[in-house]
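See structure below.
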Amino acid sequence: MILQHFTSVQLFRSSAVGTLCPAQSRMMPAVVRKSLDVFSGRRDRDALRNPNWASSMQRAPAMSMPAVKIRPAALRDVPTLTRWDGEQHVITATSDDPSVPDKFDWNHELAPRADGTQFFVAEVEERPIGILGVLDPARERTHYWGAVAVNLRAIDIWIGEKDALGKGYGSQMMKWAIDYCFAEPNVVAIVVDPLYSNTRAHRFYEKFGFRRVERRQFDAISDCLVMRLEKGSYDAR
Ligand SMILES: CC(C)(COP(=O)(O)OP(=O)(O)OC[C@H]1O[C@@H](n2cnc3c(N)ncnc32)[C@H](O)[C@@H]1OP(=O)(O)O)[C@@H](O)C(=O)NCCC(=O)NCCS
C-alpha cells in the first residue's frame with residue numbers, strides 16, 4: 001500500500017513492482033517478456049535458475065484448474081486496472097477508509113521508470129484477472145517503506161475480477177512472484193504489507209511461509225501488518 005498524496009482526497013497508489021514500458025521490457029529476461037505459465041514447487045524454482053527453464057514452464061500446474069499466465073503489464077491494461085481499483089473487494093483490501101480508495105494513477109505507474117518496480121498481469125484463459133507488483137523497497141521511488149535494508153523485494157498482489165477470488169489463482173500468482181524474486185541471487189527476503197484488518201490475506205501469506213514482523217501505520221489509510229519470507233526458510237520447505 002504505497003501512496004502518493006496529490007490532494008487530501010485524491011490518492012494514487014504507487015507500488016512496488018514493475019511497469020513494463022518498452023525500455024524496461026527490453027531489460028527483462030526473455031522468458032518474462034513472454035506470457036508465462038505459472039508453475040510451482042522446488043523443481044519450478046530450480047527451473048527459474050536454469051537458462052532453459054522457459055520450455056519447462058510449458059507444463060500445466062498440478063492442479064485441476066486453468067493455468068494462470070503471467071505477463072508484463074502494459075498501457076493497454078490501464079482501463080482494466082482502473083476498473084479494478086473501483087471494485088469494493090479491492091478497496092476494502094487496500095484502504096482503511098473506503099471513502100479514500102487507494103488508487104493508482106496507472107498511466108504514471110506504467111510509464112518508464114528507473115526504480116526497478118515492475119507490474120505483471122495474471123490471465124486465466126486469456127482474461128486478465130489480477131495484478132502483481134514486484135519492487136525493491138530500498139529503491140522504490142516514493143520511499144513508501146522508509147529506511148529499509150537492501151537485497152529485499154516487496155510484492156503487491158490483488159485479484160481484480162471478483163468471480164476469480166478463492167479459486168486458487170492467487171496462490172498460483174504468489175508462487176510465481178516468490179520464485180521470480182528469489183531467482184535473483186542477492187535477494188534474501190520478501191516483505192508484504194497487507195492491511196492489519198485483512199486477516200484473509202494474512203492466512204494467504206502464511207501459507208507461503210511469511211512470518212509476522214510488526215504492525216505498522218504507513219499512512220492515514222494503511223494500518224498494516226508487515227510480513228516477511230526469508231529465502232532460506234522458503235528453500236527449505
Ligand atoms: C488475497 C488474494 C490474492 C488470494 O487469492 P485467492 O485466489 O483468492 O486465494 P486462493 O484461492 O489461492 O486461496 C489461498 C488461501 O487464501 C485464503 N482464502 C481463499 N479464499 C478464502 C475465503 N473465501 N475465506 C478465507 N480465506 C480464504 C485461504 O488461506 C486459502 O488457503 P487454502 O487454499 O489452504 O484454503 C485474493 O483473495 C485477493 O486479491 N483479495 C483482495 C485483495 C487482497 O486482499 N490482496 C492482498 C493484500 S494487499
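Here's how to read the names in the C-alpha cells: chain A, B, ... by the order shown, residue numbers from 1 in each chain, ligand numbers from 1 in the order shown.
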**OP:** Mind checking which residues fall within 8 Å of A:Glu161, counting only C-alpha atoms, ignoring those fewer than 2 positions away in the same chain, and posting them as JSON, numbers by chain?
**Re:** {"A": [84, 129, 130, 159, 163, 164, 165]}
**OP:** May I have the residues within 8 Å of A:Val187 as a list in words, using only C-alpha atoms and disregarding those fewer than 5 positions away in the same chain?
**Re:** Asn151, Leu152, Arg153, Cys181, Phe182 and Lys231 of chain A
Would you write out those residues with C-alpha atoms, as an mmCIF file, in the first residue's frame?
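Done, and the output landed in again-v4.cif:
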data_model
loop_
_atom_site.group_PDB
_atom_site.id
_atom_site.type_symbol
_atom_site.label_atom_id
_atom_site.label_comp_id
_atom_site.auth_asym_id
_atom_site.auth_seq_id
_atom_site.Cartn_x
_atom_site.Cartn_y
_atom_site.Cartn_z
ATOM 1 C CA ASN A 151 18.511 -7.035 -1.067
ATOM 2 C CA LEU A 152 14.807 -7.228 -0.274
ATOM 3 C CA ARG A 153 11.807 -7.372 -2.555
ATOM 4 C CA CYS A 181 12.065 -12.613 -6.641
ATOM 5 C CA PHE A 182 14.260 -15.398 -5.299
ATOM 6 C CA LYS A 231 14.775 -17.126 1.290
#
Can I get the residues close to ligand 1 as a PDB file with C-alpha atoms, in the first residue's frame, where close means within 8 Å and we count only C-alpha atoms and all ligand atoms?
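selection-v8.pdb written:
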ATOM      1  CA  MET A   1       0.000   0.000   0.000  1.00  0.00           C
ATOM      2  CA  HIS A  89     -13.288  -6.016  -2.541  1.00  0.00           C
ATOM      3  CA  VAL A  90     -10.156  -4.229  -3.787  1.00  0.00           C
ATOM      4  CA  THR A  92     -11.639  -2.973   1.284  1.00  0.00           C
ATOM      5  CA  ALA A  93      -8.289  -4.743   0.955  1.00  0.00           C
ATOM      6  CA  THR A  94      -6.233  -1.662   0.187  1.00  0.00           C
ATOM      7  CA  GLY A 130      -5.323  -9.879 -11.285  1.00  0.00           C
ATOM      8  CA  ASP A 156       1.766  -6.476  -4.013  1.00  0.00           C
ATOM      9  CA  ILE A 157      -0.976  -8.795  -5.229  1.00  0.00           C
ATOM     10  CA  TRP A 158      -4.649  -8.455  -5.854  1.00  0.00           C
ATOM     11  CA  ILE A 159      -7.294 -10.160  -7.927  1.00  0.00           C
ATOM     12  CA  GLY A 160      -9.495  -7.571  -9.609  1.00  0.00           C
ATOM     13  CA  ALA A 164     -11.909 -15.116  -9.744  1.00  0.00           C
ATOM     14  CA  LEU A 165     -11.430 -14.908  -5.962  1.00  0.00           C
ATOM     15  CA  GLY A 166     -10.964 -18.014  -3.855  1.00  0.00           C
ATOM     16  CA  LYS A 167     -10.245 -20.357  -6.786  1.00  0.00           C
ATOM     17  CA  GLY A 168      -6.538 -20.854  -6.242  1.00  0.00           C
ATOM     18  CA  TYR A 169      -5.440 -18.299  -8.818  1.00  0.00           C
ATOM     19  CA  GLY A 170      -3.925 -16.027  -6.168  1.00  0.00           C
ATOM     20  CA  SER A 171      -1.836 -18.940  -4.926  1.00  0.00           C
ATOM     21  CA  GLN A 172      -0.516 -19.595  -8.412  1.00  0.00           C
ATOM     22  CA  MET A 173       0.304 -15.901  -8.832  1.00  0.00           C
ATOM     23  CA  MET A 174       2.067 -15.697  -5.486  1.00  0.00           C
ATOM     24  CA  VAL A 192       4.425  -7.766   2.136  1.00  0.00           C
ATOM     25  CA  ASP A 193       2.155  -5.254   3.863  1.00  0.00           C
ATOM     26  CA  PRO A 194      -1.487  -6.390   3.983  1.00  0.00           C
ATOM     27  CA  LEU A 195      -3.872  -4.204   5.944  1.00  0.00           C
ATOM     28  CA  ASN A 198      -7.190  -8.168   6.125  1.00  0.00           C
ATOM     29  CA  ARG A 200      -7.738 -13.466   4.985  1.00  0.00           C
ATOM     30  CA  ALA A 201      -4.617 -12.071   3.318  1.00  0.00           C
ATOM     31  CA  HIS A 202      -2.575 -12.850   6.466  1.00  0.00           C
ATOM     32  CA  ARG A 203      -3.603 -16.508   6.174  1.00  0.00           C
ATOM     33  CA  PHE A 204      -2.868 -16.417   2.463  1.00  0.00           C
ATOM     34  CA  TYR A 205       0.699 -15.180   3.049  1.00  0.00           C
ATOM     35  CA  GLU A 206       1.298 -17.532   5.966  1.00  0.00           C
ATOM     36  CA  LYS A 207       0.582 -20.418   3.611  1.00  0.00           C
TER      37      LYS A 207
END
**OP:** Extract the full set of alpha helix (DSSP H) residues from stretch 49-168 of chain A according to DSSP on the backbone, and format it as a PyMOL selection string.
**Re:** chain A and resi 49+53-56+78-85+88-94+106-109
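Remark: for A:Thr199, the closest of the candidate residues A:Leu225, A:Ala236, A:Ala111, A:Ala147 is A:Leu225 (distances computed over only C-alpha atoms).
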Original post:
Separation of atom CA of A:Lys69 and atom CA of A:Trp106, in Å?
Top reply: 20.9 Å
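You can rank A:Glu214, A:Pro128, A:Asn186, A:Arg228 by their closest distance to A:Arg83 using only C-alpha atoms, and at the top of that list sits A:Pro128.
With atom CA of A:Cys224 on one side and atom CA of A:Asp105 on the other, the separation reads 21.6 Å.
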**OP:** Name all residues at most 12 Å from A:Ala138 (count only C-alpha atoms; drop same-chain ones fewer than 5 positions away) and give them as a list in words.
**Re:** Ala16, Asp115, Gly116, Thr117, His143, Tyr144, Trp145, Gly146, Ala147, Val148, Ala149, Val150, Asn151, Leu152, Arg153, Ala154 and Val191 of chain A
Could those residues be written to a file, using N, CA and C atoms, as a tab-separated table (two decimals), in the first residue's frame?
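As written to disk, result_39.tsv reads:
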chain	number	residue	atom	x	y	z
A	16	ALA	N	5.23	-1.26	-5.98
A	16	ALA	CA	6.47	-1.92	-5.95
A	16	ALA	C	6.88	-2.55	-7.23
A	115	ASP	N	13.21	2.86	-11.03
A	115	ASP	CA	13.35	2.32	-9.67
A	115	ASP	C	13.19	0.81	-9.60
A	116	GLY	N	13.06	0.18	-10.76
A	116	GLY	CA	13.01	-1.29	-10.79
A	116	GLY	C	11.64	-1.88	-10.53
A	117	THR	N	10.67	-1.05	-10.20
A	117	THR	CA	9.33	-1.56	-9.94
A	117	THR	C	8.72	-2.14	-11.22
A	143	HIS	N	9.59	5.92	-1.73
A	143	HIS	CA	10.19	5.57	-0.43
A	143	HIS	C	9.11	5.19	0.59
A	144	TYR	N	8.10	4.51	0.08
A	144	TYR	CA	6.98	4.06	0.92
A	144	TYR	C	7.48	3.27	2.13
A	145	TRP	N	8.47	2.42	1.92
A	145	TRP	CA	8.94	1.54	3.00
A	145	TRP	C	9.90	2.24	3.95
A	146	GLY	N	10.27	3.49	3.66
A	146	GLY	CA	11.17	4.23	4.53
A	146	GLY	C	12.57	3.65	4.47
A	147	ALA	N	13.31	3.81	5.58
A	147	ALA	CA	14.67	3.27	5.64
A	147	ALA	C	14.58	1.75	5.73
A	148	VAL	N	15.10	1.09	4.75
A	148	VAL	CA	14.94	-0.35	4.67
A	148	VAL	C	16.21	-0.97	4.09
A	149	ALA	N	16.47	-2.18	4.47
A	149	ALA	CA	17.70	-2.85	4.02
A	149	ALA	C	17.68	-3.08	2.52
A	150	VAL	N	18.88	-3.25	1.99
A	150	VAL	CA	18.97	-3.63	0.58
A	150	VAL	C	18.75	-5.13	0.46
A	151	ASN	N	18.66	-5.60	-0.76
A	151	ASN	CA	18.51	-7.03	-1.07
A	151	ASN	C	17.18	-7.62	-0.59
A	152	LEU	N	16.17	-6.76	-0.54
A	152	LEU	CA	14.81	-7.23	-0.27
A	152	LEU	C	13.97	-7.01	-1.52
A	153	ARG	N	12.85	-7.67	-1.58
A	153	ARG	CA	11.81	-7.37	-2.56
A	153	ARG	C	10.50	-7.26	-1.81
A	154	ALA	N	9.59	-6.47	-2.35
A	154	ALA	CA	8.23	-6.39	-1.83
A	154	ALA	C	7.28	-6.82	-2.93
A	191	VAL	N	9.10	-8.95	1.54
A	191	VAL	CA	8.16	-8.38	2.50
A	191	VAL	C	6.83	-8.06	1.83
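Reported to one decimal place, the separation of atom CA of A:Gly133 from atom CA of A:Val188 is 17.9 Å.
Proximity of A:Asp219, A:Glu123, A:Asp235, A:Glu109 to A:Arg141, computed with only C-alpha atoms, is greatest for A:Glu109.
Of the residues under consideration (A:Pro101, A:Pro112, A:Pro185, A:Pro137), A:Pro112 shows the shortest atom-to-atom contact distance to A:Ala74 when counting only C-alpha atoms.
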